[in-house]
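Below is coords-v4.csv, holding CSV, C-alpha atoms.
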chain,number,residue,atom,x,y,z
A,257,MET,CA,-26.3,-19.1,25.7
A,258,LYS,CA,-24.6,-17.5,28.8
A,259,VAL,CA,-21.0,-16.3,28.5
A,260,VAL,CA,-18.9,-15.4,31.4
A,261,LEU,CA,-16.7,-12.3,31.0
A,262,VAL,CA,-14.2,-10.5,33.2
A,263,CYS,CA,-14.5,-6.8,33.7
A,264,LEU,CA,-11.3,-5.3,35.3
A,265,VAL,CA,-11.6,-2.2,37.4
A,266,GLY,CA,-8.2,-1.2,38.7
A,267,VAL,CA,-6.7,-4.3,40.1
A,268,PHE,CA,-10.0,-6.0,40.9
A,269,ALA,CA,-11.6,-8.5,38.7
A,270,THR,CA,-15.4,-9.0,38.6
A,271,LEU,CA,-17.1,-11.9,36.9
A,272,VAL,CA,-19.9,-10.7,34.6
A,273,ALA,CA,-22.4,-13.2,33.0
A,274,PHE,CA,-24.3,-12.0,30.0
A,275,THR,CA,-26.3,-13.3,27.1
A,276,SER,CA,-25.3,-13.0,23.4
A,277,GLY,CA,-26.6,-9.6,22.2
A,278,GLU,CA,-25.9,-7.7,25.5
A,279,LEU,CA,-23.4,-4.9,25.6
A,280,ALA,CA,-19.9,-6.2,25.2
A,281,GLN,CA,-17.3,-5.6,27.9
A,282,ILE,CA,-13.9,-4.0,27.3
A,283,CYS,CA,-11.2,-6.7,26.9
A,284,LEU,CA,-8.5,-5.8,29.3
A,285,PRO,CA,-5.7,-8.4,29.9
A,286,PRO,CA,-5.6,-10.8,31.6
A,287,VAL,CA,-9.0,-12.1,30.7
A,288,PRO,CA,-9.1,-15.7,32.0
A,289,PHE,CA,-12.4,-16.5,30.3
A,290,CYS,CA,-11.5,-15.3,26.8
A,291,LEU,CA,-9.5,-18.2,25.8
A,292,LEU,CA,-8.7,-19.5,22.3
A,293,GLU,CA,-9.8,-23.0,23.4
A,294,ASN,CA,-13.2,-21.4,23.9
A,295,ASN,CA,-13.2,-19.8,20.5
A,296,CYS,CA,-12.6,-16.3,22.0
A,297,VAL,CA,-9.9,-13.9,21.0
A,298,CYS,CA,-9.7,-10.2,21.9
A,299,THR,CA,-8.7,-7.5,19.5
A,300,SER,CA,-4.9,-7.4,19.3
A,301,LYS,CA,-2.0,-6.3,17.1
A,302,LYS,CA,0.2,-8.9,18.8
A,303,SER,CA,0.6,-12.3,17.2
A,304,PRO,CA,-0.7,-15.2,19.3
A,305,ILE,CA,2.8,-16.8,18.9
A,306,PRO,CA,6.3,-15.3,18.8
A,307,THR,CA,6.4,-12.8,15.9
A,308,GLU,CA,9.6,-14.4,14.4
A,309,GLU,CA,7.7,-17.7,14.2
A,310,THR,CA,4.5,-16.3,12.6
A,311,PRO,CA,3.9,-17.1,9.0
A,312,GLN,CA,3.1,-14.1,6.8
A,313,LEU,CA,-0.4,-14.8,5.4
A,314,ILE,CA,-1.8,-12.9,2.5
A,315,SER,CA,-5.4,-13.2,1.2
A,316,LEU,CA,-6.3,-12.0,-2.2
A,317,THR,CA,-10.0,-11.2,-2.2
A,318,PHE,CA,-12.5,-10.4,-4.9
A,319,SER,CA,-16.0,-8.9,-4.4
A,320,GLU,CA,-17.8,-8.7,-7.7
A,321,SER,CA,-19.8,-10.8,-10.1
A,322,VAL,CA,-18.0,-13.8,-11.4
A,323,THR,CA,-18.2,-13.7,-15.2
A,324,ASP,CA,-16.8,-16.0,-17.9
A,325,ASP,CA,-14.7,-13.1,-19.2
A,326,LEU,CA,-13.1,-12.3,-15.8
A,327,TYR,CA,-12.5,-16.0,-15.1
A,328,THR,CA,-11.0,-16.8,-18.4
A,329,ASN,CA,-8.9,-13.6,-19.1
A,330,LEU,CA,-8.0,-12.4,-15.6
A,331,TRP,CA,-8.3,-14.7,-12.6
A,332,ALA,CA,-7.3,-18.1,-14.1
A,333,PRO,CA,-4.1,-16.7,-15.9
A,334,LEU,CA,-3.1,-14.8,-12.7
A,335,LEU,CA,-3.8,-17.4,-10.1
A,336,LEU,CA,-3.9,-20.9,-11.4
A,337,GLY,CA,-0.6,-22.9,-11.3
A,338,ARG,CA,1.0,-20.9,-8.5
A,339,THR,CA,2.2,-22.6,-5.3
A,340,ASN,CA,3.1,-21.7,-1.7
A,341,PRO,CA,6.4,-22.6,0.0
A,342,ASP,CA,5.0,-26.0,1.0
A,343,GLY,CA,4.3,-26.8,-2.6
A,344,ALA,CA,0.5,-26.6,-2.2
A,345,PRO,CA,-1.5,-24.5,-4.6
A,346,ILE,CA,-2.2,-20.9,-3.5
A,347,SER,CA,-5.8,-19.9,-2.6
A,348,ALA,CA,-7.9,-16.7,-2.5
A,349,THR,CA,-11.5,-15.7,-1.5
A,350,PHE,CA,-14.2,-14.7,-3.9
A,351,PHE,CA,-17.2,-12.9,-2.2
A,352,VAL,CA,-19.9,-13.5,-4.8
A,353,PRO,CA,-22.9,-11.3,-5.5
A,354,HIS,CA,-25.8,-12.6,-7.6
A,355,GLU,CA,-26.7,-10.5,-10.6
A,356,TYR,CA,-24.7,-11.3,-13.7
A,357,THR,CA,-22.7,-14.1,-12.0
A,358,ASP,CA,-21.9,-17.2,-14.0
A,359,TYR,CA,-22.4,-20.0,-11.5
A,360,ARG,CA,-20.5,-22.5,-13.7
A,361,ARG,CA,-17.4,-20.3,-13.2
A,362,VAL,CA,-18.1,-20.0,-9.5
A,363,HIS,CA,-18.1,-23.8,-9.4
A,364,ASP,CA,-14.8,-23.8,-11.4
A,365,LEU,CA,-13.2,-21.5,-8.8
A,366,TYR,CA,-14.3,-23.8,-6.0
A,367,ALA,CA,-13.1,-26.9,-7.8
A,368,ASN,CA,-9.7,-25.2,-8.1
A,369,GLY,CA,-9.4,-24.8,-4.3
A,370,PHE,CA,-10.6,-21.2,-4.0
A,371,GLU,CA,-12.9,-20.1,-1.2
A,372,ILE,CA,-16.4,-18.9,-2.1
A,373,GLY,CA,-18.0,-16.4,0.2
A,374,VAL,CA,-21.1,-14.2,0.0
A,375,ASN,CA,-21.5,-10.6,-1.1
A,376,SER,CA,-25.4,-10.4,-1.0
A,377,ILE,CA,-28.1,-10.9,-3.7
A,378,THR,CA,-28.9,-7.4,-4.7
A,379,SER,CA,-25.5,-5.6,-4.3
A,380,ASN,CA,-27.6,-2.5,-3.7
A,381,TYR,CA,-25.5,0.6,-4.5
A,382,SER,CA,-27.3,2.7,-1.9
A,383,GLU,CA,-25.4,3.2,1.4
A,384,LEU,CA,-28.8,4.1,3.0
A,385,TYR,CA,-30.1,0.7,2.1
A,386,TRP,CA,-27.4,-1.1,4.0
A,387,ALA,CA,-27.5,1.4,6.8
A,388,THR,CA,-31.2,0.9,7.5
A,389,ALA,CA,-31.9,-2.7,6.4
A,390,SER,CA,-33.5,-4.9,9.1
A,391,VAL,CA,-32.0,-8.1,10.3
A,392,ASP,CA,-34.6,-10.1,8.3
A,393,THR,CA,-33.7,-8.2,5.1
A,394,LEU,CA,-30.0,-8.8,5.7
A,395,VAL,CA,-30.6,-12.5,6.3
A,396,GLN,CA,-32.5,-12.7,3.0
A,397,GLU,CA,-29.6,-10.9,1.3
A,398,PHE,CA,-26.7,-13.0,2.6
A,399,ASP,CA,-28.2,-16.4,3.5
A,400,GLY,CA,-30.3,-16.2,0.3
A,401,GLN,CA,-27.1,-15.7,-1.7
A,402,ARG,CA,-25.5,-18.7,0.0
A,403,THR,CA,-28.6,-20.7,-1.0
A,404,ILE,CA,-28.2,-19.5,-4.6
A,405,ILE,CA,-24.5,-20.3,-4.8
A,406,SER,CA,-25.0,-23.7,-3.2
A,407,HIS,CA,-27.8,-24.6,-5.5
A,408,PHE,CA,-26.7,-23.2,-8.8
A,409,ALA,CA,-22.9,-23.7,-8.5
A,410,THR,CA,-23.3,-27.1,-6.8
A,411,ILE,CA,-21.2,-26.1,-3.8
A,412,PRO,CA,-22.0,-27.5,-0.3
A,413,GLY,CA,-23.6,-24.8,1.8
A,414,GLU,CA,-21.5,-25.7,4.8
A,415,ASP,CA,-18.4,-24.7,2.8
A,416,ILE,CA,-19.6,-21.1,2.4
A,417,VAL,CA,-18.8,-19.5,5.8
A,418,GLY,CA,-17.5,-16.0,5.0
A,419,VAL,CA,-19.3,-12.8,4.2
A,420,ARG,CA,-18.4,-9.3,3.0
A,421,THR,CA,-21.0,-6.4,2.6
A,422,PRO,CA,-21.2,-4.4,-0.6
A,423,GLN,CA,-19.1,-1.2,-0.3
A,424,LEU,CA,-17.9,-2.5,3.1
A,425,GLN,CA,-21.1,-1.1,4.6
A,426,LEU,CA,-21.5,-2.6,8.1
A,427,GLN,CA,-24.6,-1.7,10.1
A,428,GLY,CA,-23.0,-2.6,13.5
A,429,ASP,CA,-24.9,-5.1,15.5
A,430,VAL,CA,-27.7,-5.4,13.0
A,431,SER,CA,-25.3,-6.8,10.4
A,432,ILE,CA,-23.6,-9.1,12.8
A,433,ASP,CA,-26.9,-10.4,14.2
A,434,ALA,CA,-27.9,-11.3,10.6
A,435,PHE,CA,-24.6,-13.0,9.9
A,436,VAL,CA,-24.9,-15.0,13.1
A,437,ALA,CA,-28.6,-15.9,12.4
A,438,ALA,CA,-27.6,-17.1,9.0
A,439,GLY,CA,-24.8,-19.3,10.4
A,440,PHE,CA,-21.8,-17.5,8.9
A,441,GLU,CA,-18.4,-17.9,10.7
A,442,TYR,CA,-16.6,-14.6,9.9
A,443,ASP,CA,-17.0,-11.2,8.3
A,444,SER,CA,-14.4,-9.3,6.3
A,445,SER,CA,-16.0,-5.9,5.8
A,446,TRP,CA,-14.1,-4.0,8.5
A,447,SER,CA,-11.1,-2.0,7.3
A,448,SER,CA,-8.3,-0.8,9.6
A,449,THR,CA,-5.7,1.9,9.0
A,450,SER,CA,-2.3,0.8,7.7
A,451,LEU,CA,-1.0,1.8,11.2
A,452,ASP,CA,-3.4,-0.6,13.0
A,453,PRO,CA,-2.6,-4.1,11.7
A,454,TYR,CA,-5.0,-6.3,13.8
A,455,PHE,CA,-5.0,-10.0,13.8
A,456,PRO,CA,-8.4,-11.9,13.4
A,457,TYR,CA,-10.5,-11.8,16.6
A,458,THR,CA,-13.9,-12.6,17.9
A,459,LEU,CA,-16.7,-10.3,19.0
A,460,ASP,CA,-17.2,-11.8,22.4
A,461,TYR,CA,-15.7,-8.6,23.8
A,462,LEU,CA,-15.8,-5.0,22.5
A,463,SER,CA,-13.6,-4.4,19.5
A,464,HIS,CA,-10.8,-1.9,19.6
A,465,GLN,CA,-10.9,-1.5,15.8
A,466,GLU,CA,-11.8,2.0,14.6
A,467,CYS,CA,-15.2,2.3,12.8
A,468,ARG,CA,-14.6,3.8,9.4
A,469,LEU,CA,-16.3,4.6,6.1
A,470,GLY,CA,-19.3,6.0,7.8
A,471,THR,CA,-20.3,2.6,9.1
A,472,THR,CA,-21.5,1.7,12.6
A,473,CYS,CA,-19.4,-0.5,14.9
A,474,PRO,CA,-21.0,-3.4,16.8
A,475,ILE,CA,-21.1,-2.8,20.5
A,476,GLN,CA,-22.9,-5.9,21.6
A,477,SER,CA,-21.3,-9.3,22.3
A,478,HIS,CA,-21.5,-11.9,19.6
A,479,PRO,CA,-19.7,-14.9,21.1
A,480,GLY,CA,-17.6,-16.9,18.7
A,481,PHE,CA,-18.2,-14.7,15.6
A,482,TRP,CA,-14.9,-13.8,13.9
A,483,VAL,CA,-13.7,-10.6,12.3
A,484,ALA,CA,-11.0,-10.8,9.6
A,485,PRO,CA,-9.8,-7.2,9.4
A,486,ILE,CA,-8.8,-5.5,6.2
A,487,ILE,CA,-5.6,-3.6,6.7
A,488,ASP,CA,-5.4,-0.6,4.4
A,489,ARG,CA,-2.6,-0.2,1.9
A,490,ARG,CA,-0.6,3.1,1.8
A,491,ARG,CA,0.4,5.3,-1.1
A,492,TYR,CA,2.6,8.4,-1.2
A,493,THR,CA,1.0,11.5,-2.7
A,494,ASP,CA,1.7,15.2,-2.4
A,495,ARG,CA,4.4,14.6,0.2
A,496,SER,CA,2.2,12.6,2.5
A,497,TRP,CA,1.0,9.1,3.0
A,498,VAL,CA,-2.7,8.2,2.5
A,499,ASP,CA,-4.5,5.0,3.1
A,500,CYS,CA,-6.7,3.1,0.6
A,501,ASN,CA,-8.7,-0.1,1.3
A,502,ASN,CA,-8.6,-1.6,-2.2
A,503,LEU,CA,-6.2,-1.4,-5.1
A,504,SER,CA,-8.6,0.6,-7.3
A,505,THR,CA,-8.7,3.5,-4.8
A,506,CYS,CA,-4.9,3.6,-4.4
A,507,TYR,CA,-4.3,5.1,-7.8
A,508,VAL,CA,-0.7,4.1,-8.0
A,509,ASN,CA,0.6,4.6,-11.5
A,510,GLY,CA,4.0,3.7,-13.0
A,511,THR,CA,5.8,1.0,-14.8
A,512,SER,CA,5.0,-2.6,-14.1
A,513,ASP,CA,8.1,-2.8,-11.9
A,514,GLU,CA,7.1,0.3,-10.0
A,515,ILE,CA,3.6,-1.1,-9.3
A,516,ALA,CA,5.1,-4.5,-8.2
A,517,GLU,CA,7.5,-2.6,-5.9
A,518,TRP,CA,4.7,-0.6,-4.3
A,519,LEU,CA,2.8,-3.8,-3.5
A,520,LEU,CA,5.9,-5.5,-2.2
A,521,ARG,CA,6.7,-2.5,0.1
A,522,GLY,CA,3.2,-2.9,1.6
A,523,ILE,CA,3.8,-6.6,2.2
A,524,GLU,CA,7.2,-5.9,3.8
A,525,GLN,CA,5.6,-3.4,6.2
A,526,GLU,CA,3.7,-6.3,7.9
A,527,ARG,CA,6.4,-8.9,7.2
A,528,SER,CA,9.0,-6.9,9.1
A,529,GLY,CA,6.5,-5.7,11.7
A,530,ASN,CA,3.9,-7.8,13.6
A,531,ARG,CA,3.1,-10.1,10.7
A,532,ALA,CA,-0.6,-9.6,10.9
A,533,PRO,CA,-2.5,-11.3,8.0
A,534,ILE,CA,-2.9,-9.1,5.0
A,535,THR,CA,-6.1,-8.9,3.0
A,536,LEU,CA,-5.9,-7.3,-0.4
A,537,ILE,CA,-9.1,-6.3,-2.2
A,538,VAL,CA,-8.4,-6.7,-5.9
A,539,PRO,CA,-11.2,-5.2,-8.1
A,540,SER,CA,-11.1,-6.0,-11.8
A,541,ASP,CA,-11.6,-2.4,-12.7
A,542,TRP,CA,-8.1,-1.7,-11.3
A,543,PHE,CA,-6.6,-3.6,-14.2
A,544,ARG,CA,-8.7,-1.5,-16.6
A,545,MET,CA,-8.0,1.8,-15.0
A,546,ILE,CA,-4.3,1.6,-14.2
A,547,TYR,CA,-1.9,1.0,-17.1
A,548,ASN,CA,0.7,-1.8,-16.4
A,549,SER,CA,-1.3,-3.0,-13.3
A,550,TYR,CA,-1.9,-6.5,-14.7
A,551,LEU,CA,1.8,-7.1,-15.4
A,552,GLY,CA,2.8,-5.4,-12.2
A,553,PHE,CA,0.5,-7.6,-10.2
A,554,ALA,CA,1.8,-10.7,-11.9
A,555,LYS,CA,5.4,-9.6,-11.1
A,556,PHE,CA,4.3,-9.0,-7.5
A,557,LEU,CA,2.9,-12.6,-7.3
A,558,ASP,CA,6.0,-14.0,-8.9
A,559,THR,CA,8.2,-12.3,-6.3
A,560,VAL,CA,5.9,-13.4,-3.4
A,561,GLY,CA,6.2,-16.9,-4.7
A,562,THR,CA,10.0,-16.9,-4.0
A,563,MET,CA,9.5,-16.0,-0.3
A,564,ASP,CA,9.7,-19.0,2.0
A,565,ASP,CA,7.7,-17.4,4.9
A,566,VAL,CA,4.8,-15.9,2.9
A,567,PHE,CA,1.7,-17.9,2.0
A,568,LEU,CA,-1.2,-16.9,-0.3
A,569,VAL,CA,-4.3,-18.3,1.4
A,570,ASN,CA,-8.0,-17.7,1.6
A,571,LEU,CA,-9.6,-16.0,4.5
A,572,LYS,CA,-11.1,-19.2,5.9
A,573,GLN,CA,-7.6,-20.5,6.1
A,574,VAL,CA,-6.5,-17.3,7.9
A,575,VAL,CA,-9.3,-17.7,10.5
A,576,ASP,CA,-8.5,-21.4,10.9
A,577,TRP,CA,-4.9,-20.4,11.6
A,578,ALA,CA,-6.1,-17.8,14.2
A,579,LYS,CA,-8.0,-20.7,15.9
A,580,ASN,CA,-4.9,-22.9,15.9
A,581,PRO,CA,-1.9,-20.6,15.5
A,582,VAL,CA,1.0,-22.9,14.5
A,583,PRO,CA,4.5,-21.6,13.8
A,584,LEU,CA,5.9,-21.1,10.3
A,585,SER,CA,7.8,-24.4,10.6
A,586,GLU,CA,4.5,-26.3,11.1
A,587,PHE,CA,2.2,-24.3,8.8
A,588,LYS,CA,0.7,-26.2,5.9
A,589,THR,CA,-1.6,-24.8,3.2
A,590,ALA,CA,-5.0,-26.6,3.6
A,591,VAL,CA,-5.6,-28.3,0.3
A,592,THR,CA,-9.2,-29.1,-0.7
A,593,THR,CA,-10.2,-31.6,-3.3
A,594,PRO,CA,-13.9,-31.0,-3.8
A,595,GLU,CA,-15.9,-33.7,-5.6
A,596,THR,CA,-18.9,-31.9,-7.1
A,597,GLU,CA,-20.3,-32.1,-10.5
A,598,CYS,CA,-21.4,-29.4,-12.9
A,599,HIS,CA,-23.2,-29.7,-16.2
A,600,ARG,CA,-23.4,-26.3,-17.7
A,601,ASN,CA,-26.7,-24.8,-18.7
A,602,THR,CA,-27.9,-21.3,-19.6
A,603,CYS,CA,-31.4,-20.2,-18.8
A,604,LYS,CA,-33.4,-17.3,-20.2
A,605,LEU,CA,-35.5,-16.0,-17.3
A,606,ARG,CA,-37.5,-13.0,-16.3
A,607,THR,CA,-37.3,-11.0,-13.2
A,608,ALA,CA,-40.3,-10.0,-11.1
A,609,ALA,CA,-40.3,-6.7,-13.1
A,610,GLY,CA,-40.5,-8.6,-16.4
A,611,GLU,CA,-36.9,-7.9,-17.4
A,612,VAL,CA,-34.9,-10.7,-19.2
A,613,ARG,CA,-31.9,-12.2,-17.5
A,614,TYR,CA,-29.6,-15.0,-18.6
A,615,LEU,CA,-28.5,-17.3,-15.8
A,616,THR,CA,-25.6,-19.7,-16.4
A,617,LEU,CA,-25.6,-22.5,-13.8
A,618,CYS,CA,-24.6,-26.0,-12.9
A,619,VAL,CA,-27.0,-28.9,-13.2
A,620,ARG,CA,-26.4,-32.1,-11.3
A,621,ASP,CA,-27.3,-35.4,-12.9
A,622,GLY,CA,-31.1,-35.7,-12.5
A,623,GLY,CA,-31.3,-32.1,-11.4
A,624,ARG,CA,-33.8,-29.5,-12.5
A,625,TYR,CA,-32.9,-27.8,-15.8
A,626,CYS,CA,-33.8,-24.2,-15.0
A,627,PRO,CA,-35.6,-22.3,-12.3
A,628,ASP,CA,-39.1,-20.9,-13.0
A,629,VAL,CA,-38.0,-17.2,-12.7
A,630,TYR,CA,-34.9,-15.3,-12.0
A,631,PRO,CA,-33.7,-16.0,-8.4
A,632,TRP,CA,-33.9,-12.9,-6.2
A,633,LEU,CA,-34.4,-11.6,-2.7
A,634,GLY,CA,-37.1,-13.7,-1.0
A,635,ASN,CA,-37.0,-16.3,-3.7
A,636,PRO,CA,-33.5,-17.6,-4.0
A,637,LEU,CA,-34.4,-20.8,-5.8
A,638,GLY,CA,-36.4,-18.9,-8.5
A,639,GLU,CA,-39.7,-20.8,-7.8
A,640,ILE,CA,-43.1,-19.7,-9.0
A,641,GLN,CA,-44.8,-18.4,-5.9
A,642,LYS,CA,-48.1,-20.2,-5.4
A,643,GLU,CA,-51.0,-18.4,-3.8
A,644,ALA,CA,-52.0,-19.9,-0.4
Encoded form using structure tokens:
Amino acid sequence: MKVVLVCLVGVFATLVAFTSGELAQICLPPVPFCLLENNCVCTSKKSPIPTEETPQLISLTFSESVTDDLYTNLWAPLLLGRTNPDGAPISATFFVPHEYTDYRRVHDLYANGFEIGVNSITSNYSELYWATASVDTLVQEFDGQRTIISHFATIPGEDIVGVRTPQLQLQGDVSIDAFVAAGFEYDSSWSSTSLDPYFPYTLDYLSHQECRLGTTCPIQSHPGFWVAPIIDRRRYTDRSWVDCNNLSTCYVNGTSDEIAEWLLRGIEQERSGNRAPITLIVPSDWFRMIYNSYLGFAKFLDTVGTMDDVFLVNLKQVVDWAKNPVPLSEFKTAVTTPETECHRNTCKLRTAAGEVRYLTLCVRDGGRYCPDVYPWLGNPLGEIQKEA
């Protein structure tokens, strides 16, 4: 597909046509061919509508195995039953890896209106693995996990459009090429300093966002592929401010009121600033590591629930708003009422190495009871591989 870009040099504008994958041009305003109506948005810290009319969107995100324990004792008590200013239920995004995930509970999250995204099959802990993986391997990791989620949690594959890499390890254009090849709509692996609150944007043009965490930035054009930036939180320590990209690495201790106040100060920074969407990464180990964190987070959510300009939404809803940025007076939480069935079953399976794994999954009426082997990279449906 050919895309027309504008490269500005001084006061002269030159039309440049390039194919997806070629080096991206710097986005300097005005760029008449990067229009929202064409699904193109340049990197910007400025709201697409007047700041005072911009709803403050917050996305709670989770990037770990979905277990029955976490669902029952943490996520359901914290999240279910809460509403946004328009009376609609809040939402959040769960980027689901494969191993140890209970797919019945993934289905339950989806059925309650939460977005399900992908966090790979293997969740390999090696940074070198993600830094050197080929496009084909990454497609197997992320598209394969979408296949697993769709099949074993009975969720339509077309509803799984977002991706986050383990440890936020982006491999520049290789990662984005894999996401595009797999048909994903957006990535949320790219963190930004607390002083750089970017709005969602597409990778038609070169991103201005700093490349951090030892990752590689994409430098090629990927028309129409969206980035949902993660704006770091801030904490005060040793007479200075430091950034942290998830609640576990912030190490904020105190009473439940003090923890809630710290979270609310971070929200107020954007709310009184440019109102860029906020993405909070909420690991379950934060609640185990930091005393009073559960009650503090609950108090934080209680207070946010009283604000008439703040909405707790999933990242797809954030990207959808960026595609059609309506003012606060017109913003409505998208409510989904999925109609999918789930008959719980637990299967005792073996991995390729002969290790035993238990897989809890959903079975549709008339569906297959258990896969042949434990689903894994290159075999997402867990089928016995027949020799040719």
*asked:* Please compute the CA of Arg402 in chain A-CA of Cys500 in chain A distance, one decimal, in Å.
replied: 28.8 Å
*Minimum-distance residue to Ile314 in chain A, chosen among A:Trp577, A:Tyr457, A:Phe587, A:Phe567 (using all atoms listed in the file)*: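 Of A:Trp577, A:Tyr457, A:Phe587, A:Phe567, the one nearest Ile314 in chain A, counting all atoms listed in the file, is A:Phe567.
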*asked:* Applying 12 Å and only C-alpha atoms, which residues near Gly337 in chain A remain after dropping the ones on its own chain fewer than 6 positions away? List them as a count of residues only.
replied: 11
*Using all atoms listed in the file, which of the listed residues (A:Tyr356, A:Ala348, A:Thr616, A:Asp628) sits closest to Ile534 in chain A?*
A:Ala348
*Tell me, as a VMD selection string, which residues lie within 7 Å of Gln281 in chain A, counting only C-alpha atoms; anything in the same chain fewer than 2 positions away does not count.*
chain A and resid 263 279 283 461 to 462
*Compute the distance from (-22.2, 0.2, 9.2) to each atom, counting all atoms listed in the file, keep the residues with any atom at most 10 Å away, and return them as a ChimeraX atom specification; use the coordinates of the file.*
/A:383-384,386-388,421,424-431,445-446,467-474
*Atom-to-atom span, CA of Cys598 in chain A and CA of His363 in chain A, Å*: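 Distance reported for this atom pair: 7.4 Å.
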*Work out how far apart CA of Gly400 in chain A and CA of Gly638 in chain A are and give it in Å to one decimal.*
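Value for the CA of Gly400 in chain A-CA of Gly638 in chain A distance: 11.0 Å.
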*A:Thr511, A:Ser528, A:Thr596, A:Gln423 ranked by distance to Asp565 in chain A, top pick (using all atoms listed in the file)*: A:Ser528
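A distance cut-off of 7 Å around (-24.8, -9.5, 5.7), counting all atoms listed in the file, selects these protein and nucleic acid residues: Ser376, Leu394, Val395, Glu397, Phe398, Val419, Arg420, Thr421, Ser431, Ala434 and Phe435 of chain A.
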*Find, counting all atoms listed in the file, the residue in A:Val391, A:Val566, A:Ala608, A:Ile416 that gets nearest to Ala437 in chain A.*
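With all atoms listed in the file as the atom set, the closest residue is A:Val391.
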_Top pick for closest residue to Glu597 in chain A, considering A:Pro412, A:Gly522, A:Gly439, A:Gly552 and counting only C-alpha atoms_ =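 Between A:Pro412, A:Gly522, A:Gly439, A:Gly552, the residue approaching Glu597 in chain A most closely is A:Pro412.
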*Nearest to Cys618 in chain A: which of A:Phe408, A:Phe370, A:Tyr327, A:Phe350 is it, counting only C-alpha atoms?*
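Under the stated criterion, the closest residue is A:Phe408.
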Selection: 8 Å around Arg531 in chain A, only C-alpha atoms, excl. self and same-chain fewer than 6 positions, as a short mmCIF file (atom, residue, chain, number, x, y, z; two decimals) with C-alpha atoms, keeping the file's coordinate frame:
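Output file around_5.cif is given in full below:
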data_model
loop_
_atom_site.label_atom_id
_atom_site.label_comp_id
_atom_site.auth_asym_id
_atom_site.auth_seq_id
_atom_site.Cartn_x
_atom_site.Cartn_y
_atom_site.Cartn_z
CA SER A 303 0.60 -12.30 17.20
CA THR A 307 6.40 -12.80 15.90
CA THR A 310 4.50 -16.30 12.60
CA PRO A 311 3.90 -17.10 9.00
CA GLN A 312 3.10 -14.10 6.80
CA LEU A 313 -0.40 -14.80 5.40
#
*Could you give me, as a PyMOL selection string, the residues within 12 Å of Tyr625 in chain A, counting only C-alpha atoms and dropping anything in the same chain fewer than 2 positions from it?*
chain A and resi 407-408+598-604+615-623+627-628
Taking C-alpha atoms for each residue, export the selection above as a PDB file, keeping the file's coordinate frame.
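Saved file again.pdb follows:
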ATOM      1  CA  HIS A 407     -27.800 -24.600  -5.500  1.00  0.00           C
ATOM      2  CA  PHE A 408     -26.700 -23.200  -8.800  1.00  0.00           C
ATOM      3  CA  CYS A 598     -21.400 -29.400 -12.900  1.00  0.00           C
ATOM      4  CA  HIS A 599     -23.200 -29.700 -16.200  1.00  0.00           C
ATOM      5  CA  ARG A 600     -23.400 -26.300 -17.700  1.00  0.00           C
ATOM      6  CA  ASN A 601     -26.700 -24.800 -18.700  1.00  0.00           C
ATOM      7  CA  THR A 602     -27.900 -21.300 -19.600  1.00  0.00           C
ATOM      8  CA  CYS A 603     -31.400 -20.200 -18.800  1.00  0.00           C
ATOM      9  CA  LYS A 604     -33.400 -17.300 -20.200  1.00  0.00           C
ATOM     10  CA  LEU A 615     -28.500 -17.300 -15.800  1.00  0.00           C
ATOM     11  CA  THR A 616     -25.600 -19.700 -16.400  1.00  0.00           C
ATOM     12  CA  LEU A 617     -25.600 -22.500 -13.800  1.00  0.00           C
ATOM     13  CA  CYS A 618     -24.600 -26.000 -12.900  1.00  0.00           C
ATOM     14  CA  VAL A 619     -27.000 -28.900 -13.200  1.00  0.00           C
ATOM     15  CA  ARG A 620     -26.400 -32.100 -11.300  1.00  0.00           C
ATOM     16  CA  ASP A 621     -27.300 -35.400 -12.900  1.00  0.00           C
ATOM     17  CA  GLY A 622     -31.100 -35.700 -12.500  1.00  0.00           C
ATOM     18  CA  GLY A 623     -31.300 -32.100 -11.400  1.00  0.00           C
ATOM     19  CA  PRO A 627     -35.600 -22.300 -12.300  1.00  0.00           C
ATOM     20  CA  ASP A 628     -39.100 -20.900 -13.000  1.00  0.00           C
TER      21      ASP A 628
END
*asked:* Which residues are near range 487-490 of chain A? Cut-off 9 Å, only C-alpha atoms, ignore same chain within fewer than 3 positions. Put them as a list in words.
replied: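 My reading of the contact set: Trp446, Ser447, Ser448, Thr449, Ser450, Leu451, Asp452, Pro453, Tyr454, Trp497, Val498, Asp499, Cys500, Asn501, Asn502, Leu503, Cys506, Trp518, Leu519, Gly522, Ala532, Pro533, Ile534, Thr535 and Leu536 of chain A.
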